[in-house]
>>> print(open('start10.pdb').read())   # PDB, C-alpha atoms and all ligand atoms
ATOM      1  CA  MET A   1       8.480  23.209 102.113  1.00  0.00           C
ATOM      2  CA  ASN A   2       7.943  21.870  98.594  1.00  0.00           C
ATOM      3  CA  HIS A   3       5.498  19.109  97.724  1.00  0.00           C
ATOM      4  CA  LEU A   4       8.114  16.337  97.593  1.00  0.00           C
ATOM      5  CA  ASP A   5       9.512  17.261 101.018  1.00  0.00           C
ATOM      6  CA  GLN A   6       5.987  17.341 102.421  1.00  0.00           C
ATOM      7  CA  LEU A   7       5.342  13.844 101.063  1.00  0.00           C
ATOM      8  CA  ILE A   8       8.594  12.553 102.554  1.00  0.00           C
ATOM      9  CA  GLN A   9       7.693  14.047 105.910  1.00  0.00           C
ATOM     10  CA  ALA A  10       4.170  12.574 105.790  1.00  0.00           C
ATOM     11  CA  LEU A  11       5.491   9.107 104.883  1.00  0.00           C
ATOM     12  CA  SER A  12       8.104   9.214 107.665  1.00  0.00           C
ATOM     13  CA  ARG A  13       5.272   9.466 110.201  1.00  0.00           C
ATOM     14  CA  LEU A  14       4.251   5.886 109.365  1.00  0.00           C
ATOM     15  CA  PRO A  15       5.410   3.254 111.903  1.00  0.00           C
ATOM     16  CA  GLY A  16       8.782   1.746 111.124  1.00  0.00           C
ATOM     17  CA  ILE A  17       9.503   4.252 108.345  1.00  0.00           C
ATOM     18  CA  GLY A  18      12.476   6.536 108.879  1.00  0.00           C
ATOM     19  CA  LYS A  19      13.438   9.616 106.856  1.00  0.00           C
ATOM     20  CA  LYS A  20      15.579   7.503 104.487  1.00  0.00           C
ATOM     21  CA  SER A  21      12.879   4.944 103.692  1.00  0.00           C
ATOM     22  CA  ALA A  22      10.335   7.737 103.298  1.00  0.00           C
ATOM     23  CA  ALA A  23      12.585   9.433 100.736  1.00  0.00           C
ATOM     24  CA  ARG A  24      13.097   6.150  98.872  1.00  0.00           C
ATOM     25  CA  MET A  25       9.299   5.660  98.738  1.00  0.00           C
ATOM     26  CA  ALA A  26       8.658   9.189  97.515  1.00  0.00           C
ATOM     27  CA  TYR A  27      11.245   8.895  94.721  1.00  0.00           C
ATOM     28  CA  HIS A  28       9.846   5.499  93.788  1.00  0.00           C
ATOM     29  CA  LEU A  29       6.370   7.025  93.505  1.00  0.00           C
ATOM     30  CA  LEU A  30       7.746   9.765  91.271  1.00  0.00           C
ATOM     31  CA  ARG A  31       8.913   7.087  88.847  1.00  0.00           C
ATOM     32  CA  SER A  32       5.706   5.001  89.110  1.00  0.00           C
ATOM     33  CA  ASP A  33       2.885   5.116  86.600  1.00  0.00           C
ATOM     34  CA  ARG A  34       0.014   7.493  87.255  1.00  0.00           C
ATOM     35  CA  GLU A  35      -2.641   4.772  87.530  1.00  0.00           C
ATOM     36  CA  TYR A  36      -0.801   3.154  90.455  1.00  0.00           C
ATOM     37  CA  ILE A  37      -0.377   6.490  92.234  1.00  0.00           C
ATOM     38  CA  ARG A  38      -4.059   7.323  91.730  1.00  0.00           C
ATOM     39  CA  GLN A  39      -5.169   3.926  93.063  1.00  0.00           C
ATOM     40  CA  LEU A  40      -2.882   4.167  96.086  1.00  0.00           C
ATOM     41  CA  GLY A  41      -4.126   7.656  96.848  1.00  0.00           C
ATOM     42  CA  GLU A  42      -7.774   6.622  96.568  1.00  0.00           C
ATOM     43  CA  LEU A  43      -7.290   3.590  98.807  1.00  0.00           C
ATOM     44  CA  ILE A  44      -5.841   5.854 101.489  1.00  0.00           C
ATOM     45  CA  ILE A  45      -8.482   8.577 101.087  1.00  0.00           C
ATOM     46  CA  ASP A  46     -11.385   6.092 101.280  1.00  0.00           C
ATOM     47  CA  LEU A  47      -9.984   4.239 104.313  1.00  0.00           C
ATOM     48  CA  PRO A  48     -11.939   6.049 107.079  1.00  0.00           C
ATOM     49  CA  GLU A  49     -15.255   5.642 105.237  1.00  0.00           C
ATOM     50  CA  ARG A  50     -14.763   2.081 104.016  1.00  0.00           C
ATOM     51  CA  ILE A  51     -13.370   0.574 107.197  1.00  0.00           C
ATOM     52  CA  VAL A  52     -15.429   1.117 110.327  1.00  0.00           C
ATOM     53  CA  ARG A  53     -15.544  -0.489 113.754  1.00  0.00           C
ATOM     54  CA  CYS A  54     -17.719  -3.604 114.065  1.00  0.00           C
ATOM     55  CA  GLY A  55     -20.714  -2.733 116.225  1.00  0.00           C
ATOM     56  CA  VAL A  56     -20.379  -6.002 118.149  1.00  0.00           C
ATOM     57  CA  CYS A  57     -16.673  -6.597 118.776  1.00  0.00           C
ATOM     58  CA  GLY A  58     -14.963  -3.357 117.751  1.00  0.00           C
ATOM     59  CA  ASN A  59     -12.750  -5.025 115.142  1.00  0.00           C
ATOM     60  CA  TYR A  60     -12.220  -3.216 111.847  1.00  0.00           C
ATOM     61  CA  SER A  61     -14.933  -4.136 109.402  1.00  0.00           C
ATOM     62  CA  GLU A  62     -16.212  -3.246 105.929  1.00  0.00           C
ATOM     63  CA  GLY A  63     -19.795  -3.392 107.186  1.00  0.00           C
ATOM     64  CA  GLU A  64     -21.676  -2.728 110.408  1.00  0.00           C
ATOM     65  CA  THR A  65     -20.769  -6.207 111.674  1.00  0.00           C
ATOM     66  CA  CYS A  66     -17.469  -7.943 110.912  1.00  0.00           C
ATOM     67  CA  GLY A  67     -17.106 -11.331 109.223  1.00  0.00           C
ATOM     68  CA  ILE A  68     -16.120 -13.107 112.440  1.00  0.00           C
ATOM     69  CA  CYS A  69     -19.144 -11.826 114.390  1.00  0.00           C
ATOM     70  CA  ARG A  70     -21.386 -12.840 111.474  1.00  0.00           C
ATOM     71  CA  ASP A  71     -20.018 -16.401 111.453  1.00  0.00           C
ATOM     72  CA  PRO A  72     -22.550 -18.644 113.266  1.00  0.00           C
ATOM     73  CA  ARG A  73     -20.192 -21.647 113.317  1.00  0.00           C
ATOM     74  CA  ARG A  74     -17.954 -20.112 115.966  1.00  0.00           C
ATOM     75  CA  ASP A  75     -18.194 -20.958 119.679  1.00  0.00           C
ATOM     76  CA  SER A  76     -20.327 -18.284 121.331  1.00  0.00           C
ATOM     77  CA  ARG A  77     -19.279 -19.449 124.813  1.00  0.00           C
ATOM     78  CA  LEU A  78     -15.785 -17.991 124.309  1.00  0.00           C
ATOM     79  CA  ILE A  79     -14.706 -14.372 123.885  1.00  0.00           C
ATOM     80  CA  CYS A  80     -11.051 -13.489 123.455  1.00  0.00           C
ATOM     81  CA  VAL A  81     -10.309  -9.903 124.531  1.00  0.00           C
ATOM     82  CA  VAL A  82      -7.452  -8.206 122.666  1.00  0.00           C
ATOM     83  CA  GLU A  83      -5.861  -4.749 122.616  1.00  0.00           C
ATOM     84  CA  GLN A  84      -5.858  -3.981 118.896  1.00  0.00           C
ATOM     85  CA  PRO A  85      -7.576  -5.159 115.691  1.00  0.00           C
ATOM     86  CA  GLN A  86      -4.269  -6.516 114.372  1.00  0.00           C
ATOM     87  CA  ASP A  87      -4.188  -8.920 117.354  1.00  0.00           C
ATOM     88  CA  VAL A  88      -7.351 -10.558 115.985  1.00  0.00           C
ATOM     89  CA  ALA A  89      -5.596 -11.138 112.678  1.00  0.00           C
ATOM     90  CA  VAL A  90      -2.580 -12.622 114.467  1.00  0.00           C
ATOM     91  CA  LEU A  91      -4.681 -14.974 116.610  1.00  0.00           C
ATOM     92  CA  GLU A  92      -6.709 -16.044 113.591  1.00  0.00           C
ATOM     93  CA  THR A  93      -3.527 -17.256 111.892  1.00  0.00           C
ATOM     94  CA  SER A  94      -2.965 -19.726 114.754  1.00  0.00           C
ATOM     95  CA  HIS A  95      -6.247 -21.495 113.757  1.00  0.00           C
ATOM     96  CA  GLU A  96      -6.512 -22.495 117.400  1.00  0.00           C
ATOM     97  CA  PHE A  97      -9.274 -20.226 118.631  1.00  0.00           C
ATOM     98  CA  GLN A  98     -12.864 -20.937 117.601  1.00  0.00           C
ATOM     99  CA  GLY A  99     -14.677 -18.352 119.678  1.00  0.00           C
ATOM    100  CA  TYR A 100     -15.400 -14.672 119.100  1.00  0.00           C
ATOM    101  CA  TYR A 101     -13.289 -11.604 119.831  1.00  0.00           C
ATOM    102  CA  HIS A 102     -13.582  -8.267 121.571  1.00  0.00           C
ATOM    103  CA  VAL A 103     -11.213  -5.426 120.676  1.00  0.00           C
ATOM    104  CA  LEU A 104     -10.468  -2.884 123.435  1.00  0.00           C
ATOM    105  CA  HIS A 105      -8.615  -0.384 121.216  1.00  0.00           C
ATOM    106  CA  GLY A 106      -5.975   0.201 123.855  1.00  0.00           C
ATOM    107  CA  VAL A 107      -5.061  -0.687 127.431  1.00  0.00           C
ATOM    108  CA  LEU A 108      -5.411   1.142 130.714  1.00  0.00           C
ATOM    109  CA  ALA A 109      -2.536   3.590 131.057  1.00  0.00           C
ATOM    110  CA  PRO A 110      -3.321   6.107 133.806  1.00  0.00           C
ATOM    111  CA  LEU A 111      -0.009   7.939 133.286  1.00  0.00           C
ATOM    112  CA  ASP A 112      -0.945   8.579 129.654  1.00  0.00           C
ATOM    113  CA  GLY A 113      -4.475   9.538 130.631  1.00  0.00           C
ATOM    114  CA  VAL A 114      -6.117   6.373 129.280  1.00  0.00           C
ATOM    115  CA  GLY A 115      -8.937   5.305 131.590  1.00  0.00           C
ATOM    116  CA  PRO A 116     -11.703   2.667 131.372  1.00  0.00           C
ATOM    117  CA  SER A 117     -14.035   5.001 129.474  1.00  0.00           C
ATOM    118  CA  ASP A 118     -11.458   5.291 126.674  1.00  0.00           C
ATOM    119  CA  LEU A 119     -11.627   1.536 126.031  1.00  0.00           C
ATOM    120  CA  ASN A 120     -14.306  -0.511 124.276  1.00  0.00           C
ATOM    121  CA  LEU A 121     -15.519  -1.993 127.568  1.00  0.00           C
ATOM    122  CA  GLN A 122     -19.176  -1.039 127.833  1.00  0.00           C
ATOM    123  CA  SER A 123     -20.160  -3.184 124.867  1.00  0.00           C
ATOM    124  CA  LEU A 124     -18.216  -6.106 126.335  1.00  0.00           C
ATOM    125  CA  ILE A 125     -20.410  -5.980 129.437  1.00  0.00           C
ATOM    126  CA  SER A 126     -23.580  -5.921 127.345  1.00  0.00           C
ATOM    127  CA  ARG A 127     -22.304  -8.824 125.238  1.00  0.00           C
ATOM    128  CA  ILE A 128     -21.769 -10.902 128.360  1.00  0.00           C
ATOM    129  CA  GLY A 129     -25.142  -9.875 129.717  1.00  0.00           C
ATOM    130  CA  SER A 130     -27.079 -10.772 126.591  1.00  0.00           C
ATOM    131  CA  GLY A 131     -25.314 -13.885 125.297  1.00  0.00           C
ATOM    132  CA  ASN A 132     -24.299 -17.307 126.563  1.00  0.00           C
ATOM    133  CA  VAL A 133     -20.667 -16.362 127.208  1.00  0.00           C
ATOM    134  CA  GLU A 134     -18.940 -18.741 129.629  1.00  0.00           C
ATOM    135  CA  GLU A 135     -15.330 -17.655 129.422  1.00  0.00           C
ATOM    136  CA  LEU A 136     -13.375 -14.494 128.697  1.00  0.00           C
ATOM    137  CA  ILE A 137      -9.823 -15.097 127.541  1.00  0.00           C
ATOM    138  CA  ILE A 138      -7.849 -11.906 128.132  1.00  0.00           C
ATOM    139  CA  ALA A 139      -5.128 -11.703 125.505  1.00  0.00           C
ATOM    140  CA  THR A 140      -3.751  -8.248 126.252  1.00  0.00           C
ATOM    141  CA  ASN A 141       0.013  -8.006 125.814  1.00  0.00           C
ATOM    142  CA  PRO A 142       2.192  -9.266 128.708  1.00  0.00           C
ATOM    143  CA  THR A 143       3.110  -5.742 129.823  1.00  0.00           C
ATOM    144  CA  VAL A 144       2.315  -3.843 133.050  1.00  0.00           C
ATOM    145  CA  GLU A 145      -0.568  -2.072 131.277  1.00  0.00           C
ATOM    146  CA  GLY A 146      -1.797  -5.343 129.745  1.00  0.00           C
ATOM    147  CA  ASP A 147      -1.791  -7.060 133.146  1.00  0.00           C
ATOM    148  CA  THR A 148      -3.500  -4.100 134.844  1.00  0.00           C
ATOM    149  CA  THR A 149      -6.200  -4.113 132.182  1.00  0.00           C
ATOM    150  CA  ALA A 150      -6.710  -7.875 132.549  1.00  0.00           C
ATOM    151  CA  LEU A 151      -7.238  -7.547 136.315  1.00  0.00           C
ATOM    152  CA  TYR A 152      -9.549  -4.581 135.830  1.00  0.00           C
ATOM    153  CA  ILE A 153     -11.730  -6.583 133.423  1.00  0.00           C
ATOM    154  CA  LYS A 154     -11.795  -9.531 135.813  1.00  0.00           C
ATOM    155  CA  LYS A 155     -13.157  -7.272 138.591  1.00  0.00           C
ATOM    156  CA  LEU A 156     -15.590  -5.682 136.155  1.00  0.00           C
ATOM    157  CA  VAL A 157     -17.204  -8.972 135.109  1.00  0.00           C
ATOM    158  CA  GLU A 158     -16.845 -10.914 138.370  1.00  0.00           C
ATOM    159  CA  HIS A 159     -20.511 -10.571 139.287  1.00  0.00           C
ATOM    160  CA  LEU A 160     -21.641 -11.754 135.837  1.00  0.00           C
ATOM    161  CA  GLY A 161     -20.618 -15.349 136.486  1.00  0.00           C
ATOM    162  CA  VAL A 162     -18.136 -15.781 133.632  1.00  0.00           C
ATOM    163  CA  LYS A 163     -14.792 -17.501 133.922  1.00  0.00           C
ATOM    164  CA  VAL A 164     -11.846 -15.194 133.222  1.00  0.00           C
ATOM    165  CA  SER A 165      -8.536 -16.571 131.993  1.00  0.00           C
ATOM    166  CA  ARG A 166      -5.318 -15.004 130.798  1.00  0.00           C
ATOM    167  CA  LEU A 167      -3.244 -15.869 127.774  1.00  0.00           C
ATOM    168  CA  ALA A 168       0.252 -16.029 129.197  1.00  0.00           C
ATOM    169  CA  LEU A 169       2.307 -19.165 128.804  1.00  0.00           C
ATOM    170  CA  GLY A 170       5.044 -18.910 126.231  1.00  0.00           C
ATOM    171  CA  LEU A 171       4.530 -15.246 125.484  1.00  0.00           C
ATOM    172  CA  PRO A 172       7.647 -13.193 126.234  1.00  0.00           C
ATOM    173  CA  VAL A 173       7.151 -10.779 129.158  1.00  0.00           C
ATOM    174  CA  GLY A 174       6.943  -7.196 127.907  1.00  0.00           C
ATOM    175  CA  GLY A 175       6.495  -8.570 124.414  1.00  0.00           C
ATOM    176  CA  ASP A 176       3.887  -7.884 121.846  1.00  0.00           C
ATOM    177  CA  LEU A 177       1.222 -10.331 120.720  1.00  0.00           C
ATOM    178  CA  GLU A 178       1.761  -9.074 117.209  1.00  0.00           C
ATOM    179  CA  TYR A 179       5.226 -10.597 117.042  1.00  0.00           C
ATOM    180  CA  ALA A 180       4.405 -13.998 118.541  1.00  0.00           C
ATOM    181  CA  ASP A 181       4.589 -16.916 116.148  1.00  0.00           C
ATOM    182  CA  ARG A 182       1.713 -19.265 115.394  1.00  0.00           C
ATOM    183  CA  LEU A 183       2.955 -22.134 117.547  1.00  0.00           C
ATOM    184  CA  THR A 184       3.566 -19.896 120.558  1.00  0.00           C
ATOM    185  CA  LEU A 185       0.065 -18.462 120.240  1.00  0.00           C
ATOM    186  CA  ALA A 186      -1.499 -21.894 119.914  1.00  0.00           C
ATOM    187  CA  ARG A 187       0.336 -23.018 123.047  1.00  0.00           C
ATOM    188  CA  SER A 188      -0.607 -19.820 124.887  1.00  0.00           C
ATOM    189  CA  LEU A 189      -4.265 -20.450 124.137  1.00  0.00           C
ATOM    190  CA  LYS A 190      -4.184 -24.084 125.255  1.00  0.00           C
ATOM    191  CA  GLY A 191      -2.187 -23.277 128.400  1.00  0.00           C
ATOM    192  CA  ARG A 192      -4.192 -20.208 129.446  1.00  0.00           C
ATOM    193  CA  THR A 193      -4.397 -19.673 133.185  1.00  0.00           C
ATOM    194  CA  SER A 194      -7.354 -18.751 135.327  1.00  0.00           C
ATOM    195  CA  LEU A 195      -7.330 -15.162 136.596  1.00  0.00           C
TER     196      LEU A 195
HETATM  197 ZN    ZN B   1     -17.099  -8.117 115.044  1.00  0.00          ZN
END
>>> encode(input="start10.pdb", output="structure tokens")
Amino acid sequence: MNHLDQLIQALSRLPGIGKKSAARMAYHLLRSDREYIRQLGELIIDLPERIVRCGVCGNYSEGETCGICRDPRRDSRLICVVEQPQDVAVLETSHEFQGYYHVLHGVLAPLDGVGPSDLNLQSLISRIGSGNVEELIIATNPTVEGDTTALYIKKLVEHLGVKVSRLALGLPVGGDLEYADRLTLARSLKGRTSL
């Protein structure tokens, strides 16, 4: 396979990019100036070193601790538990949530071999144990796996004396948090139900 075909194949592995779009991108790059191509390449190459997981919440971060965890003005009594780092970004756009986050990096999916030890759960327990956390808001997606994970976390933290609630109202069942609009998210946060 020649270099151009290899590039097209590599690009088509990106989410939402089919063979046709990948080819369009590759041909566009061929026509682009070298400086742009170099910069794009470097940004991609440096990604794993520059962006690491926050040691506190697991969100993507440019330093050991992310900007949200470093912000002392937030409400330390609240932790919102989400599946993926992009969910943090989505919830932040609603400007409704003032607490901190915890990113699981997945959900329980026994059929796919994803168990509790594959998720960022251990550090959640230590966070609850060491801080003044009063409520966990589970904002996993409204799917079977998201619900299973929410119930698992509730059982896991039951003895720690924190309230556990679930972001549900207004979110489409089987939907993805990523695609919810700002207003829906704001309403989901206000109308969260106790688990
Ligand atoms: Zn963090």
>>> resolve_selection(input="start10.pdb", expression="the PyMOL selection byres (((chain A and resi 79) around 6) and not hetatm)", output="list in words")
Leu78, Cys80, Gly99, Tyr100, Tyr101 and Leu136 of chain A
>>> resolve_selection(input="start10.pdb", expression="the PyMOL selection byres (((not hetatm)) within 7 of (chain B and resi 1))", output="compact mmCIF listing (two decimals) with C-alpha atoms, keeping the file's coordinate frame")
# COMPACT_ATOMS: atom_id res chain seq x y z
CA CYS A 54 -17.72 -3.60 114.06
CA GLY A 55 -20.71 -2.73 116.22
CA VAL A 56 -20.38 -6.00 118.15
CA CYS A 57 -16.67 -6.60 118.78
CA GLY A 58 -14.96 -3.36 117.75
CA ASN A 59 -12.75 -5.03 115.14
CA THR A 65 -20.77 -6.21 111.67
CA CYS A 66 -17.47 -7.94 110.91
CA GLY A 67 -17.11 -11.33 109.22
CA ILE A 68 -16.12 -13.11 112.44
CA CYS A 69 -19.14 -11.83 114.39
>>> closest_residue(input="start10.pdb", among="A:Leu124, A:Ile44, A:Ala139, A:Ile17", to="A:Glu83", atoms="only C-alpha atoms")
A:Ala139
>>> resolve_selection(input="start10.pdb", expression="the PyMOL selection byres (((chain A and resi 24) around 12) and not hetatm)", output="tab-separated table (two decimals) with C-alpha atoms, in the coordinates of the input")
chain	number	residue	atom	x	y	z
A	4	LEU	CA	8.11	16.34	97.59
A	5	ASP	CA	9.51	17.26	101.02
A	7	LEU	CA	5.34	13.84	101.06
A	8	ILE	CA	8.59	12.55	102.55
A	9	GLN	CA	7.69	14.05	105.91
A	11	LEU	CA	5.49	9.11	104.88
A	12	SER	CA	8.10	9.21	107.66
A	17	ILE	CA	9.50	4.25	108.34
A	18	GLY	CA	12.48	6.54	108.88
A	19	LYS	CA	13.44	9.62	106.86
A	20	LYS	CA	15.58	7.50	104.49
A	21	SER	CA	12.88	4.94	103.69
A	22	ALA	CA	10.34	7.74	103.30
A	23	ALA	CA	12.58	9.43	100.74
A	25	MET	CA	9.30	5.66	98.74
A	26	ALA	CA	8.66	9.19	97.52
A	27	TYR	CA	11.24	8.90	94.72
A	28	HIS	CA	9.85	5.50	93.79
A	29	LEU	CA	6.37	7.02	93.50
A	30	LEU	CA	7.75	9.76	91.27
A	31	ARG	CA	8.91	7.09	88.85
>>> atom_distance(input="start10.pdb", atom1="atom CA of A:Glu62", atom2="atom CA of A:Val90")
18.6 Å
>>> residues_near_point(input="start10.pdb", point="(-21.9, -21.6, 131.8)", cutoff="8 Å", atoms="all atoms listed in the file", output="PDB file with C-alpha atoms, in the coordinates of the input")
ATOM      1  CA  ARG A  77     -19.279 -19.449 124.813  1.00  0.00           C
ATOM      2  CA  ASN A 132     -24.299 -17.307 126.563  1.00  0.00           C
ATOM      3  CA  VAL A 133     -20.667 -16.362 127.208  1.00  0.00           C
ATOM      4  CA  GLU A 134     -18.940 -18.741 129.629  1.00  0.00           C
ATOM      5  CA  GLY A 161     -20.618 -15.349 136.486  1.00  0.00           C
ATOM      6  CA  VAL A 162     -18.136 -15.781 133.632  1.00  0.00           C
TER       7      VAL A 162
END
>>> atom_distance(input="start10.pdb", atom1="atom CA of A:Asp112", atom2="atom CA of A:Ser61")
27.7 Å
>>> axis_aligned_box(input="start10.pdb", around="stretch 116-128 of chain A", padding_each_side="3 Å", output="JSON")
{"center_x": -17.5, "center_y": -2.8, "center_z": 127.8, "size_x": 18.1, "size_y": 22.2, "size_z": 13.1}
>>> closest_residue(input="start10.pdb", among="A:Ile37, A:Gly63, A:Leu121, A:Asp181", to="A:Glu49", atoms="only C-alpha atoms")
A:Gly63
>>> closest_residue(input="start10.pdb", among="A:Tyr60, A:Lys154, A:Ile128, A:His159", to="A:Pro48", atoms="all atoms listed in the file")
A:Tyr60
>>> decode(input="start10.pdb", residues="stretch 103-112 of chain A", atoms="all heavy atoms", output="PDB file, in the first residue's frame")
ATOM      1  N   VAL A 103     -14.041  11.142  36.533  1.00  0.00           N
ATOM      2  CA  VAL A 103     -14.193  10.482  35.229  1.00  0.00           C
ATOM      3  C   VAL A 103     -13.867   8.984  35.345  1.00  0.00           C
ATOM      4  O   VAL A 103     -12.761   8.615  35.739  1.00  0.00           O
ATOM      5  CB  VAL A 103     -13.272  11.133  34.168  1.00  0.00           C
ATOM      6  CG1 VAL A 103     -13.502  10.502  32.805  1.00  0.00           C
ATOM      7  CG2 VAL A 103     -13.506  12.644  34.102  1.00  0.00           C
ATOM      8  N   LEU A 104     -14.842   8.141  35.008  1.00  0.00           N
ATOM      9  CA  LEU A 104     -14.662   6.687  35.141  1.00  0.00           C
ATOM     10  C   LEU A 104     -13.831   6.081  34.018  1.00  0.00           C
ATOM     11  O   LEU A 104     -13.224   5.044  34.185  1.00  0.00           O
ATOM     12  CB  LEU A 104     -16.036   5.996  35.142  1.00  0.00           C
ATOM     13  CG  LEU A 104     -16.984   6.332  36.290  1.00  0.00           C
ATOM     14  CD1 LEU A 104     -18.341   5.710  36.020  1.00  0.00           C
ATOM     15  CD2 LEU A 104     -16.413   5.837  37.610  1.00  0.00           C
ATOM     16  N   HIS A 105     -13.822   6.705  32.861  1.00  0.00           N
ATOM     17  CA  HIS A 105     -13.187   6.161  31.654  1.00  0.00           C
ATOM     18  C   HIS A 105     -13.839   4.853  31.248  1.00  0.00           C
ATOM     19  O   HIS A 105     -13.170   3.854  31.018  1.00  0.00           O
ATOM     20  CB  HIS A 105     -11.671   5.998  31.842  1.00  0.00           C
ATOM     21  CG  HIS A 105     -10.950   7.298  31.878  1.00  0.00           C
ATOM     22  ND1 HIS A 105     -10.566   7.973  30.732  1.00  0.00           N
ATOM     23  CD2 HIS A 105     -10.590   8.102  32.917  1.00  0.00           C
ATOM     24  CE1 HIS A 105      -9.981   9.105  31.082  1.00  0.00           C
ATOM     25  NE2 HIS A 105      -9.993   9.210  32.400  1.00  0.00           N
ATOM     26  N   GLY A 106     -15.153   4.858  31.193  1.00  0.00           N
ATOM     27  CA  GLY A 106     -15.892   3.687  30.739  1.00  0.00           C
ATOM     28  C   GLY A 106     -17.072   3.394  31.635  1.00  0.00           C
ATOM     29  O   GLY A 106     -17.363   4.147  32.576  1.00  0.00           O
ATOM     30  N   VAL A 107     -17.777   2.324  31.338  1.00  0.00           N
ATOM     31  CA  VAL A 107     -18.875   1.837  32.183  1.00  0.00           C
ATOM     32  C   VAL A 107     -18.735   0.323  32.304  1.00  0.00           C
ATOM     33  O   VAL A 107     -18.057  -0.301  31.489  1.00  0.00           O
ATOM     34  CB  VAL A 107     -20.272   2.140  31.588  1.00  0.00           C
ATOM     35  CG1 VAL A 107     -20.792   3.484  32.020  1.00  0.00           C
ATOM     36  CG2 VAL A 107     -20.285   2.009  30.077  1.00  0.00           C
ATOM     37  N   LEU A 108     -19.395  -0.229  33.298  1.00  0.00           N
ATOM     38  CA  LEU A 108     -19.355  -1.677  33.474  1.00  0.00           C
ATOM     39  C   LEU A 108     -20.037  -2.346  32.285  1.00  0.00           C
ATOM     40  O   LEU A 108     -21.163  -2.000  31.937  1.00  0.00           O
ATOM     41  CB  LEU A 108     -20.076  -2.069  34.772  1.00  0.00           C
ATOM     42  CG  LEU A 108     -19.426  -1.630  36.083  1.00  0.00           C
ATOM     43  CD1 LEU A 108     -20.314  -2.014  37.254  1.00  0.00           C
ATOM     44  CD2 LEU A 108     -18.039  -2.233  36.228  1.00  0.00           C
ATOM     45  N   ALA A 109     -19.345  -3.254  31.656  1.00  0.00           N
ATOM     46  CA  ALA A 109     -19.908  -3.994  30.524  1.00  0.00           C
ATOM     47  C   ALA A 109     -19.364  -5.417  30.565  1.00  0.00           C
ATOM     48  O   ALA A 109     -18.401  -5.739  29.869  1.00  0.00           O
ATOM     49  CB  ALA A 109     -19.555  -3.302  29.209  1.00  0.00           C
ATOM     50  N   PRO A 110     -19.964  -6.261  31.414  1.00  0.00           N
ATOM     51  CA  PRO A 110     -19.438  -7.608  31.631  1.00  0.00           C
ATOM     52  C   PRO A 110     -19.288  -8.398  30.332  1.00  0.00           C
ATOM     53  O   PRO A 110     -18.328  -9.161  30.175  1.00  0.00           O
ATOM     54  CB  PRO A 110     -20.489  -8.263  32.532  1.00  0.00           C
ATOM     55  CG  PRO A 110     -21.290  -7.146  33.109  1.00  0.00           C
ATOM     56  CD  PRO A 110     -21.190  -5.997  32.177  1.00  0.00           C
ATOM     57  N   LEU A 111     -20.217  -8.190  29.389  1.00  0.00           N
ATOM     58  CA  LEU A 111     -20.156  -8.937  28.122  1.00  0.00           C
ATOM     59  C   LEU A 111     -18.933  -8.555  27.292  1.00  0.00           C
ATOM     60  O   LEU A 111     -18.429  -9.347  26.505  1.00  0.00           O
ATOM     61  CB  LEU A 111     -21.432  -8.720  27.312  1.00  0.00           C
ATOM     62  CG  LEU A 111     -22.713  -9.271  27.937  1.00  0.00           C
ATOM     63  CD1 LEU A 111     -23.924  -8.951  27.080  1.00  0.00           C
ATOM     64  CD2 LEU A 111     -22.605 -10.790  28.151  1.00  0.00           C
ATOM     65  N   ASP A 112     -18.471  -7.301  27.475  1.00  0.00           N
ATOM     66  CA  ASP A 112     -17.272  -6.865  26.757  1.00  0.00           C
ATOM     67  C   ASP A 112     -16.023  -7.015  27.625  1.00  0.00           C
ATOM     68  O   ASP A 112     -14.948  -6.521  27.266  1.00  0.00           O
ATOM     69  CB  ASP A 112     -17.411  -5.396  26.318  1.00  0.00           C
ATOM     70  CG  ASP A 112     -18.585  -5.202  25.366  1.00  0.00           C
ATOM     71  OD1 ASP A 112     -18.804  -6.104  24.543  1.00  0.00           O
ATOM     72  OD2 ASP A 112     -19.266  -4.164  25.455  1.00  0.00           O
TER      73      ASP A 112
END
